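Peer 1: Input: one structure, supplied below.
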Amino acid sequence: MSAYSDFMTLSAARYACRNYAARTVSRETLKKVIEAASLAPSAVNRQPWMFVVLDTPEMRQAMAECYPREWIKTAPAFIVAVGNHTESWHRPADGKDYTDIDLAIAIEHLCLAATSLGLGTCWVCNFDAKKCAEQLHLPESAEPIAIIPIGYPAESLIPEKKRKPVDEIIQWGAF
């Protein structure tokens, strides 16, 4: 199998897991997925990120209060991807802050690594960011970008992906 085929298989296997088995994930395994995130490229290699791991019942409960959906409580651990706006690169022409873009790349590296280890993940972006920042005692320059529940999926079936055909999302040349 080629590296491209392996990558496409891995990409197809990654999905938004919303039901986790009652099985802990070792800190060694959590460290591996964060190691993959650390390899992600970032604008001007600033790496404006921190990954806060919450794997105790108390920490998980505090984070679940930031996203009041029952399914999230099934995850044995959460990783909160935190961006630091003072460390990130800002485009000189217009001041655009690349924190969110850098974190998005790193988070997807993390999610793909988790999938390769048999773990499920889900990007949670619709959460109370202010409450989350308070719970984590983040400095003002830091922002929680996403909460990533992580654990072993309760089901082994990968849901069917609904994606636009490639011919609908590609354009050759200018608009």
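As shown in the structure tokens, the chain order sets the letters A, B, ...; within each chain, residues go from 1, and ligands are also counted from 1 in the order they appear.
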Find the residues near range 46-51 of chain A: any atom within 12 Å, counting only C-alpha atoms, skip ones fewer than 4 places away on the same chain, and give them as a ChimeraX atom specification.

Peer 2: /A:30-31,33-42,78-90,97-107,110,136,138,141-148

Peer 1: Restrict the calculation to only C-alpha atoms, then for each residue of range 58-105 of chain A with any atom at most 12 Å from an atom of range 154-170 of chain A give the closest atom pair and their distance in Å to one decimal, rows by chain and rising residue number, as a Markdown table.

Peer 2:
| residue | atom | partner | partner_atom | distance |
| --- | --- | --- | --- | --- |
| A:Trp71 | CA | A:Ala154 | CA | 11.4 |
| A:Thr74 | CA | A:Ala154 | CA | 9.2 |
| A:Ala75 | CA | A:Ala154 | CA | 9.8 |
| A:Pro76 | CA | A:Ala154 | CA | 11.5 |

Peer 1: Go ahead and save the picked residues with all heavy atoms, as an mmCIF file, in the first residue's frame.

Peer 2:
data_model
loop_
_atom_site.group_PDB
_atom_site.id
_atom_site.type_symbol
_atom_site.label_atom_id
_atom_site.label_comp_id
_atom_site.auth_asym_id
_atom_site.auth_seq_id
_atom_site.Cartn_x
_atom_site.Cartn_y
_atom_site.Cartn_z
ATOM 1 N N TRP A 71 -23.532 13.732 25.822
ATOM 2 C CA TRP A 71 -22.607 12.790 25.193
ATOM 3 C C TRP A 71 -21.162 13.050 25.580
ATOM 4 O O TRP A 71 -20.365 12.123 25.667
ATOM 5 C CB TRP A 71 -22.767 12.786 23.662
ATOM 6 C CG TRP A 71 -22.274 14.032 22.978
ATOM 7 C CD1 TRP A 71 -23.019 15.105 22.605
ATOM 8 C CD2 TRP A 71 -20.932 14.326 22.605
ATOM 9 N NE1 TRP A 71 -22.222 16.058 22.014
ATOM 10 C CE2 TRP A 71 -20.923 15.597 21.999
ATOM 11 C CE3 TRP A 71 -19.712 13.648 22.708
ATOM 12 C CZ2 TRP A 71 -19.784 16.213 21.507
ATOM 13 C CZ3 TRP A 71 -18.566 14.255 22.214
ATOM 14 C CH2 TRP A 71 -18.609 15.517 21.624
ATOM 15 N N THR A 74 -19.236 11.072 28.259
ATOM 16 C CA THR A 74 -18.779 9.688 28.048
ATOM 17 C C THR A 74 -17.284 9.618 27.741
ATOM 18 O O THR A 74 -16.695 8.549 27.838
ATOM 19 C CB THR A 74 -19.571 8.992 26.916
ATOM 20 O OG1 THR A 74 -19.266 9.608 25.655
ATOM 21 C CG2 THR A 74 -21.067 9.016 27.183
ATOM 22 N N ALA A 75 -16.670 10.745 27.372
ATOM 23 C CA ALA A 75 -15.238 10.755 27.032
ATOM 24 C C ALA A 75 -14.400 10.632 28.301
ATOM 25 O O ALA A 75 -14.631 11.356 29.267
ATOM 26 C CB ALA A 75 -14.869 12.032 26.287
ATOM 27 N N PRO A 76 -13.405 9.759 28.299
ATOM 28 C CA PRO A 76 -12.555 9.592 29.481
ATOM 29 C C PRO A 76 -11.517 10.700 29.650
ATOM 30 O O PRO A 76 -10.900 10.820 30.707
ATOM 31 C CB PRO A 76 -11.881 8.246 29.245
ATOM 32 C CG PRO A 76 -11.841 8.106 27.765
ATOM 33 C CD PRO A 76 -13.095 8.779 27.260
#

Peer 1: Would you give me, as JSON, numbers by chain, the residues in range 4-161 of chain A that DSSP reads as helix (DSSP H, G or I)?

Peer 2: {"A": [4, 5, 6, 7, 8, 9, 10, 11, 12, 13, 27, 28, 29, 30, 31, 32, 33, 34, 35, 36, 37, 38, 43, 44, 45, 57, 58, 59, 60, 61, 62, 63, 64, 70, 71, 72, 73, 74, 99, 100, 101, 102, 103, 104, 105, 106, 107, 108, 109, 110, 111, 112, 113, 114, 115, 116, 129, 130, 131, 132, 133, 134, 135, 136]}

Peer 1: One decimal, Å: what's the distance from CA of Ser11 in chain A over to CA of Val25 in chain A, could you say?

Peer 2: 21.5 Å

Peer 1: What is the CA of Arg60 in chain A to CA of Ser116 in chain A distance in Å?

Peer 2: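 We find that CA of Arg60 in chain A and CA of Ser116 in chain A lie 23.9 Å from each other.
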
Peer 1: Out of A:Glu140, A:Ala16, A:His109, A:Ala93, which residue has the shortest atom-to-atom distance to Val124 in chain A when counting only C-alpha atoms?

Peer 2: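 Going through A:Glu140, A:Ala16, A:His109, A:Ala93 one by one, the smallest distance to Val124 in chain A is for A:Ala16.
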
Peer 1: With distances taken over only C-alpha atoms, which residue among A:Ala3, A:Ile150, A:Ala64, A:Phe175 lies nearest Ala113 in chain A?

Peer 2: A:Ile150

Peer 1: Quick one: DSSP strand (DSSP E) residues in range 66-123 of chain A, as a PyMOL selection string?

Peer 2: chain A and resi 77-84+120-121

Peer 1: Take the residues just selected and output them with all heavy atoms as a PDB file, in the first residue's frame.

Peer 2:
ATOM      1  N   ALA A  77     -11.328  11.511  28.612  1.00  0.00           N
ATOM      2  CA  ALA A  77     -10.359  12.611  28.698  1.00  0.00           C
ATOM      3  C   ALA A  77     -10.755  13.691  27.702  1.00  0.00           C
ATOM      4  O   ALA A  77     -11.452  13.440  26.721  1.00  0.00           O
ATOM      5  CB  ALA A  77      -8.943  12.116  28.398  1.00  0.00           C
ATOM      6  N   PHE A  78     -10.298  14.902  27.991  1.00  0.00           N
ATOM      7  CA  PHE A  78     -10.459  16.032  27.084  1.00  0.00           C
ATOM      8  C   PHE A  78      -9.088  16.644  26.878  1.00  0.00           C
ATOM      9  O   PHE A  78      -8.269  16.685  27.800  1.00  0.00           O
ATOM     10  CB  PHE A  78     -11.367  17.129  27.662  1.00  0.00           C
ATOM     11  CG  PHE A  78     -12.740  16.689  28.056  1.00  0.00           C
ATOM     12  CD1 PHE A  78     -13.274  17.071  29.274  1.00  0.00           C
ATOM     13  CD2 PHE A  78     -13.515  15.913  27.211  1.00  0.00           C
ATOM     14  CE1 PHE A  78     -14.552  16.692  29.649  1.00  0.00           C
ATOM     15  CE2 PHE A  78     -14.792  15.520  27.576  1.00  0.00           C
ATOM     16  CZ  PHE A  78     -15.314  15.908  28.797  1.00  0.00           C
ATOM     17  N   ILE A  79      -8.872  17.140  25.685  1.00  0.00           N
ATOM     18  CA  ILE A  79      -7.691  17.953  25.412  1.00  0.00           C
ATOM     19  C   ILE A  79      -8.220  19.309  24.977  1.00  0.00           C
ATOM     20  O   ILE A  79      -8.996  19.402  24.022  1.00  0.00           O
ATOM     21  CB  ILE A  79      -6.807  17.329  24.313  1.00  0.00           C
ATOM     22  CG1 ILE A  79      -6.284  15.953  24.747  1.00  0.00           C
ATOM     23  CG2 ILE A  79      -5.647  18.276  23.971  1.00  0.00           C
ATOM     24  CD1 ILE A  79      -5.561  15.179  23.659  1.00  0.00           C
ATOM     25  N   VAL A  80      -7.834  20.336  25.688  1.00  0.00           N
ATOM     26  CA  VAL A  80      -8.252  21.688  25.315  1.00  0.00           C
ATOM     27  C   VAL A  80      -7.091  22.323  24.563  1.00  0.00           C
ATOM     28  O   VAL A  80      -5.980  22.443  25.090  1.00  0.00           O
ATOM     29  CB  VAL A  80      -8.639  22.539  26.548  1.00  0.00           C
ATOM     30  CG1 VAL A  80      -9.100  23.926  26.102  1.00  0.00           C
ATOM     31  CG2 VAL A  80      -9.722  21.836  27.358  1.00  0.00           C
ATOM     32  N   ALA A  81      -7.353  22.681  23.317  1.00  0.00           N
ATOM     33  CA  ALA A  81      -6.345  23.338  22.484  1.00  0.00           C
ATOM     34  C   ALA A  81      -6.431  24.834  22.769  1.00  0.00           C
ATOM     35  O   ALA A  81      -7.471  25.458  22.553  1.00  0.00           O
ATOM     36  CB  ALA A  81      -6.607  23.055  21.013  1.00  0.00           C
ATOM     37  N   VAL A  82      -5.330  25.374  23.276  1.00  0.00           N
ATOM     38  CA  VAL A  82      -5.283  26.782  23.686  1.00  0.00           C
ATOM     39  C   VAL A  82      -4.326  27.533  22.777  1.00  0.00           C
ATOM     40  O   VAL A  82      -3.187  27.109  22.563  1.00  0.00           O
ATOM     41  CB  VAL A  82      -4.821  26.888  25.159  1.00  0.00           C
ATOM     42  CG1 VAL A  82      -4.690  28.341  25.580  1.00  0.00           C
ATOM     43  CG2 VAL A  82      -5.774  26.130  26.081  1.00  0.00           C
ATOM     44  N   GLY A  83      -4.783  28.641  22.253  1.00  0.00           N
ATOM     45  CA  GLY A  83      -3.952  29.489  21.404  1.00  0.00           C
ATOM     46  C   GLY A  83      -3.472  30.706  22.161  1.00  0.00           C
ATOM     47  O   GLY A  83      -4.219  31.286  22.947  1.00  0.00           O
ATOM     48  N   ASN A  84      -2.235  31.095  21.906  1.00  0.00           N
ATOM     49  CA  ASN A  84      -1.678  32.283  22.539  1.00  0.00           C
ATOM     50  C   ASN A  84      -1.513  33.363  21.477  1.00  0.00           C
ATOM     51  O   ASN A  84      -0.641  33.279  20.614  1.00  0.00           O
ATOM     52  CB  ASN A  84      -0.337  31.970  23.205  1.00  0.00           C
ATOM     53  CG  ASN A  84       0.162  33.130  24.026  1.00  0.00           C
ATOM     54  OD1 ASN A  84      -0.006  34.294  23.654  1.00  0.00           O
ATOM     55  ND2 ASN A  84       0.780  32.828  25.156  1.00  0.00           N
ATOM     56  N   GLY A 120     -11.111   7.733  19.277  1.00  0.00           N
ATOM     57  CA  GLY A 120     -12.054   8.641  18.652  1.00  0.00           C
ATOM     58  C   GLY A 120     -11.868  10.036  19.223  1.00  0.00           C
ATOM     59  O   GLY A 120     -11.444  10.198  20.373  1.00  0.00           O
ATOM     60  N   THR A 121     -12.180  11.030  18.422  1.00  0.00           N
ATOM     61  CA  THR A 121     -12.107  12.429  18.845  1.00  0.00           C
ATOM     62  C   THR A 121     -13.269  13.191  18.231  1.00  0.00           C
ATOM     63  O   THR A 121     -13.927  12.702  17.308  1.00  0.00           O
ATOM     64  CB  THR A 121     -10.804  13.105  18.369  1.00  0.00           C
ATOM     65  OG1 THR A 121     -10.726  12.992  16.934  1.00  0.00           O
ATOM     66  CG2 THR A 121      -9.568  12.500  19.005  1.00  0.00           C
TER      67      THR A 121
END

Peer 1: Contacts of Tyr67 in chain A at 8 Å or less, counting only C-alpha atoms, minus same-chain residues fewer than 4 places along, as a ChimeraX atom specification?

Peer 2: /A:63,72,126-128
